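Asker: Would you mind keeping the following structure in view while I ask a few things?
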Protein chains: 2
Amino acid sequence: MLIDPLETMLPRGVKDFLPVKAAKIEYLDQSLRRVFDQWGFRPLMPAALEYLHALERGLGIGLREKTFRFDDRQSGKLVAFSPDMTPQVARIVATRMRDLPLPLRLRYSGRVLRHAEQQSGKDREIFQSGVELIGLDSPEADAEMIAMAVSALQAVGGRNFTIDIGQVEFYRGVVADLELDAGQSVALQDAIARKDASGLHMLLEESTLNDRAREEIAALPRLFGGREVLERAERAVTNDRSRRALDNLAQVLDALDSDGIDDHITLDLGELRGFDYHTGITFQGFLGKMGRAVCSGGRYDGLTARYGHPTPATGFTFNLLNLLFALDRKLDGPAAVKTDMLIVSRGVPKNSSRALAHELRKRGYSVARELLDRDYATSLDYARKLNYRYVLVMHATAPHMQLLSLSDNSERQLTREALLDGTVEL
Amino acid sequence: MLIDPLETMLPRGVKDFLPVKAAKIEYLDQSLRRVFDQWGFRPLMPAALEYLHALERGLGIGLREKTFRFDDRQSGKLVAFSPDMTPQVARIVATRMRDLPLPLRLRYSGRVLRHAEQQSGKDREIFQSGVELIGLDSPEADAEMIAMAVSALQAVGGRNFTIDIGQVEFYRGVVADLELDAGQSVALQDAIARKDASGLHMLLEESTLNDRAREEIAALPRLFGGREVLERAERAVTNDRSRRALDNLAQVLDALDSDGIDDHITLDLGELRGFDYHTGITFQGFLGKMGRAVCSGGRYDGLTARYGHPTPATGFTFNLLNLLFALDRKLDGPAAVKTDMLIVSRGVPKNSSRALAHELRKRGYSVARELLDRDYATSLDYARKLNYRYVLVMHATAPHMQLLSLSDNSERQLTREALLDGTVEL
């Protein structure tokens, strides 16, 4: 089989979005910005390009490996494209915004790039839209992030959602004194994250851990469910660090006013997939049956310190392409690609159709003019295929124009004045 | 002098934008999209990453040299970040949209990257927002592009603007039969573009060109001004190709209804700075006294053919950072970074301030809550510094709340009901 070279023009993991999908992404992006604005968050736009050494201060091992990097012809240094905007926000806050009074409420929206395995099918280009709340260490601040994520999900029409809340300090407390080597540590975390109880059991059997440690770790995949998880977890551990994590989690839930969203909240103390910079609560939002999170976030109290200015912080980000995938057809209505009118003029001086289009646009309508001399049937077919709402026909000989609705094929006669007065309902 | 490493964390030619500037860029971007929508243009989002071989089909020599490129770890091929979105749109139209009826009206908005000389001080990250009108070869289509650029400039508050129109075929007609070598050609174009008459004179003296050719080329820097340029140009050349270019230019001006914007239009037949893909009319928009164009565009009838699907096309793009630079202070009002209210609760249960904030947001207000326990004076100072409009104080003991306006320091007592009923004017 011959593969058309034009069809294979894009590297894997990136996509072009044609109008129908592009309009949906824009709609999601703008809806989220509106929610973030209403909560008092202000925009920040980090540079697309960074020195690798600066960027890496804020990245964990996992993301360092996924960073697009190259020699900068201009400076001779290694530069990179950010795989995550949170470290960029931390850098900016720590260097250029350190004199502002706290807390800072910041939002951002943009694309980041991550290497992905050839066969993983994962996106390499990720559309992020998120917020950071800088300068607060209280459970109330974490609760604000979760409540905002819920508001945002509701604003874009998400109904059937789940917010999965973890606390990375709980696990860290369990393993703190165990002297696990790196390989063991990764294998355990992986089995816990996959809730693979039998795999985890085998790993623990093979280990030299004492019985108490084995028991505590083996409990992790089951510490998943409603608020009752807090009690079970309390009984499952003995160390103070894990207990403080549970207290913190309970306080965040108290501050969340979870009435009404209680059914949407699950606790998961085996949720360890946060970035390495997380230091407390983490959460992920899911829609419908889709396994990939549409949003994720958590507390990261040590990140701005890596850029020389320690301050507590919490935040979260939406993955717009996952959100698009989860909601897709539901956005057909709110993000429809339509234009109100195509003006077809038959023997009318061109400047009169230009002037009419101009006046209609001033009144808020979207209007394009038929610039080709072709028969009416072809223009009509064009307007239908490209999803115009109306075709407006101007005649040289008649004082009236015809307005044809493409949704129901109804036709009206009207004057220029009636159309511009706003007395005609469209 | 010691340079703080935190201050030099970004490579040259890229910038972080803090809230005040970021909000202005967002405002410009959204205002332009709204204009483009009103003219019937639909969004397209090209991938951030392309194979270099695919991208280079659509780039001229100048932009190829400025393209960020690197080995793709995944595919082993060279990949690149686009320095210009028009070739990406051409690729998408030619491959994935070729079966749609023409014309296509498409808009895009995003960042592109270009290498720049270390000392040039030029931006390497360029924020583009533009449109392409695909499938029409008529002067009317070019006129639509210029009229849209004018509408867009007016929509963002540009008053003192100039649109500088050229026609690349005019110059190509003059030099078509002269067998200039590449070095000569570049030197001539450069002198003409800079309107350096004496430099141009010297170049021509040194050349082996005949007198007629010298005369025609020497005239180019002076073919600049109002519509009378067309007549002067007509007299200055003898070849058919240049004459056809003048006819085309006259037709575009006729189709432009330049009444009202006549003062803003200049013709410039020595304007040769278009990308190599231009094949007819080109134009650039300038604001105030700023020398860098805020928008530019033109006809490019051969570009989609490079991707296997020939169709005429015209378009233009705004450079958002140049636009920001030109308008900056004028955007202080329309793009102000403000939040309506900071809610400070004094001894009130936290869930009641959360609930009030929630209700206010539902009514369209932007509201943040004071989450720190600090004295009122500090909260007030915070709200002023971060440009809140009001501070709303809830008291445990009083049924009324206080609403303090930070613009005039006036204070009102009001009930929760009055605030939510919309009977209080903010």
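Residue names in the structure tokens use chain letters A, B, ... in the order shown, residue numbers from 1 in each chain, and ligand numbers from 1 in the order shown.
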Taking 4 positions as the minimum chain separation for residues in the same chain, which residues sit within 9 Å of B:Ile92 when counting only C-alpha atoms? Answer as a list in words.
Answerer: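 Result of the neighbour search: Asp16 and Leu18 of chain A; Pro46, Pro87, Gln88, Arg96, Met97, Arg98, Thr304 and Tyr307 of chain B.
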Asker: Quick one: contact table of chain B to chain A, 6 Å max, nearest atom pair and distance in Å to one decimal per residue, counting only C-alpha atoms, chain and number order, as CSV?
Answerer:
residue,atom,partner,partner_atom,distance
B:Leu10,CA,A:Glu50,CA,5.6
B:Val14,CA,A:Ala47,CA,5.8
B:Lys15,CA,A:Ala47,CA,5.1
B:Asp16,CA,A:Pro46,CA,4.4
B:Phe17,CA,A:Met45,CA,4.9
B:Leu18,CA,A:Leu44,CA,5.1
B:Pro19,CA,A:Pro43,CA,5.0
B:Ala22,CA,A:Leu44,CA,5.7
B:Gln38,CA,A:Ser366,CA,3.7
B:Trp39,CA,A:Val367,CA,5.2
B:Gly40,CA,A:Ala368,CA,5.2
B:Arg42,CA,A:Pro19,CA,5.8
B:Pro43,CA,A:Pro19,CA,5.0
B:Leu44,CA,A:Leu18,CA,5.1
B:Met45,CA,A:Phe17,CA,4.9
B:Pro46,CA,A:Asp16,CA,4.4
B:Ala47,CA,A:Asp16,CA,4.8
B:Glu50,CA,A:Leu10,CA,5.6
B:Gln74,CA,A:Gln118,CA,5.7
B:Gln118,CA,A:Gln74,CA,5.7
B:Thr339,CA,A:Gly40,CA,5.5
B:Arg361,CA,A:Gln38,CA,6.0
B:Ser366,CA,A:Gln38,CA,3.7
B:Val367,CA,A:Trp39,CA,5.2
B:Ala368,CA,A:Gly40,CA,5.2
Asker: Env of stretch 192-201 of chain A: 6 Å cut, atoms = only C-alpha atoms, seq-sep filter 5 positions within chain, self excluded. Answer as a list of chain:residue names.
Answerer: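 Counting only C-alpha atoms, the residues come to A:Pro221, A:Gly270, A:Glu271.
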Asker: Would you save the residues of that selection, restricted to N, CA and C atoms, as an mmCIF file, in the first residue's frame?
Answerer:
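out-v5.cif, freshly written:
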data_model
loop_
_atom_site.group_PDB
_atom_site.id
_atom_site.type_symbol
_atom_site.label_atom_id
_atom_site.label_comp_id
_atom_site.auth_asym_id
_atom_site.auth_seq_id
_atom_site.Cartn_x
_atom_site.Cartn_y
_atom_site.Cartn_z
ATOM 1 N N PRO A 221 -3.765 0.404 48.442
ATOM 2 C CA PRO A 221 -4.704 0.369 47.302
ATOM 3 C C PRO A 221 -6.158 0.304 47.756
ATOM 4 N N GLY A 270 -3.915 5.994 47.817
ATOM 5 C CA GLY A 270 -2.953 5.321 46.970
ATOM 6 C C GLY A 270 -2.693 6.099 45.685
ATOM 7 N N GLU A 271 -3.230 7.304 45.603
ATOM 8 C CA GLU A 271 -3.033 8.133 44.409
ATOM 9 C C GLU A 271 -1.680 8.841 44.532
#
Asker: From a DSSP calculation on the backbone, collect every residue of stretch 71-247 of chain B in strand (DSSP E) and output the set as a ChimeraX atom specification.
Answerer: /B:71,78-81,104-113,125-134,161-167,224-225
Asker: Please, what distance in Å, to one decimal, runs between atom CA of B:Thr423 and atom CA of B:Ser353?
Answerer: 19.8 Å
Asker: When DSSP works through the backbone of this structure, what residues of stretch 110-290 of chain B end up as helix (DSSP H, G or I), shown as a ChimeraX atom specification?
Answerer: /B:139-155,168-175,182-193,197-206,211-222,229-236,240-254,262-264
